[in-house]
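What follows is a single structure, written as structure tokens, with notes after it.
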Amino acid sequence: MQNSNFSSMEKVNFRTRILTNHLNQETPSPHFSLQTTPCLSYNPPELSAPSSIFDKKQMRQLMDGHNLTEKDWLFGLMLQSNLFNPMKSGGKVFVQPDYNQSKEQQREITMRRIGYLLEHGVFKKWLTGNGPVDELRKLALLECLAIFDHSLAIKTGVHFFLWGGAIQFFGTKRHHDKWLKATEEYVVKGCFAMTELGHGSNVRGIETVTTYDSSTGEFVITTPCESAQKYWIGGAANHATHTVVFSQLIIEGKNQGVHAFICQIRDENGDICPNIRIADCGHKIGLNGVDNGRIWFDNVRVPRENLLNSVADVSPDGKYLTAIKDPDQRFAAFLAPLTSGRVTIAVSAIYSAKVGLATAIRYSLTRRAFSVTPNGPEILLLDYPSHQRRLLPLLAKTYAMSFAVNYLKKIYVNRTPEMNKVIHVVSSAFKAIASWHNMRTLQECREACGGQGLKTENRVGPLKGEFDVQSTFEGDNNVLMQQVSKALFGEYVAAKRSKKPIKGLGLEHMNASRPIVPSQLTSHTMRQAQFQNDIFCLRERDLLERFAAEVALCQAQGKSKEYAFTLNYQLAEDLGRAYSDRAVLHTFLEAEASVTSAPLKNVLDLVRSMYTLVTLEEDAAFLRYGYLSTDNAAMVRKEVANLCGELRPHALSLVSSFGLPDAFLGPIAFNWVEANAWSSEQN
């Protein structure tokens, strides 16, 4: 490449010499040979970012919340084995799945990785442990697996949280004694057969049928039609030996609703059992390391003891036995333990967003483009206000949602039967907003990395395909948001009828006087936690009151409550979002209150203000329902831009506090010049 100090005439002479030498087949003069040193050199982001004013270890402790030592141990364990596909690039070693493999190869390597983790004690006490300490360790280690490979996390999650969790929570001692230790040691490999071709979110509508034969003491499980085939069953296509089958239970001609049964689907040699048919769901846009399959049951017989009977049982002579007579309450009690799936999805979604942001922000602190002055140096991407606006609000939201999912984990591992409703509502809300946030973040990070974002090795692009499924499995996000709104409606109406204060689901703020938003906002006001809490509570309160009024109006016109909910889906969606955002803010404020370090508090104050104000800016509900005037909305937008500039010096420290090992990011997060150099290609 020519020296930038060449004059125009020198450039002409240079090109003339090169052409002349080429025509004469002469070797160019050494003076004009290509230089081996690149014109653009890589400078680590630490050189362009000021030294951190807060302790990154303290911030990571606040963000991760628990089991940091165990997580770092598991990261190290994965780095020690070639099973995790280590590759050298730019002078560093990275580990990530090989997405060039066929789905068959990806499935096989996923099982081999599970075997390695089993051998090294990763799954110890995942099902035989006792209490919150063991559960938090299990959740922490699953987070690490998801950071490496979503397929690995889902494959283990189905086995331990769905199959194993069903036995734990739906079963009784006879099931625990027989199955839990065998599951923990992978003597049996389990899957979870709930979803059908014709029914996903509407579990009550599944069509698989089970009857009881009192003459043999067996249940008979049947797939009566094609729409009743079990679909998307993780583990079923290749590896699972057993499944928990969800089915309508017919006793003495009466449908007692959905129940769960243990059923063997493969023998010890891996052959499919009689009267079972299994087909592959095929290639997917992601998660090809998980062998999703379809299952048909052709009058499959299982022992009476295989009914998971914590909620209901059937006597040897065929009598239906349950302490919960109301079918709705029985169904709710039956599904309550399934919140574990939503908990793990919400958490892994936020860690995926962290991988994307750590990669994109580190890259933007080393990549330059254009200059803003004549003959001036090119500008770092993150020094452009527009680039800050793309990434830093998403960074703030990721911080806020980290505190939210930590709160979710805490209430989940300390759950009691009385907490079932709260956990259902919070997990539904956080699962939806976290998975939506992750997909939006990954797309923005992909674009912010330009062409490098397209490379599989840089991780951001593939993560989009890997995590897209989170928007619909374990509950479609839109359906979950409507469930949240229905639960809020129920609490509100019950309190009105009883003429008692509202208690639960964080709605206690509605017992106080209605918050008043200042008619003219200032920068100082907008950054106050009191204002931020007030306007979030005002939105939630007002939308709940509007939703209840609209439903009541529909009912007064003779429409059913469910039909009224359906008609008012827009209000329901706005309300679900309002609840979620307010709940996230409250978890942020709680986390902030636990901090004593002034530098940490100061930066968290900026992050919280960014989270709150960008929410005000992006959600049209604040303007639609009049919580913000157009003038105040303009002030909010201006303040978001100001906060971008104030957060810019902290960007590197904030992503470094994620605690993600370098090896689990992509090469463009580090020396992307060396990673793409010709010498690297030759090596």
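Here, A, B, ... name the chains of the structure tokens in the order displayed, residue numbers run from 1 inside each chain, and ligands are numbered from 1 in the same displayed order.
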> Can you list, as a VMD selection string, every residue of region 112-149 of chain A that DSSP puts in alpha helix (DSSP H)?
Replying inline: chain A and resid 112 to 119 132 to 148
>> Env of Gln528 (chain A): 12 Å cut, atoms = only C-alpha atoms, seq-sep filter 3 positions within chain, self excluded. Answer as a list of chain:residue names.
In response: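 Counting only the stated atoms, we get A:Leu521, A:Thr522, A:Ser523, A:His524, A:Thr525, A:Phe531, A:Gln532, A:Asn533, A:Asp534, A:Ile535, A:Leu589, A:Asp605, A:Leu606, A:Arg608, A:Ser609, A:Met610, A:Thr612, A:Leu613.
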> Can you tell me, as an NGL selection string, what residues are no more than 7 Å from Ala663 (chain A) when counting only C-alpha atoms, ignoring any on the same chain fewer than 2 positions away?
Replying inline: :A and (93-95 or 661 or 665)
Next, the residues of the selection above should be written as a PDB file, in the first residue's frame with C-alpha atoms.
ATOM      1  CA  VAL A  93      -7.783 -19.673  22.051  1.00  0.00           C
ATOM      2  CA  PHE A  94     -11.549 -19.656  21.635  1.00  0.00           C
ATOM      3  CA  VAL A  95     -14.114 -22.370  22.298  1.00  0.00           C
ATOM      4  CA  PRO A 661     -13.955 -15.568  29.858  1.00  0.00           C
ATOM      5  CA  LEU A 665     -16.372 -14.530  22.960  1.00  0.00           C
TER       6      LEU A 665
END
>> Let me make sure I understand: among A:Leu600, A:Gly253, A:Asp619, A:His650, which one has the smallest atom-to-atom distance to Phe54 (chain A) if we use only C-alpha atoms?
In response: A:Leu600
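Here CA of Trp232 (chain A) is placed at a distance of 10.7 Å from CA of Lys284 (chain A).
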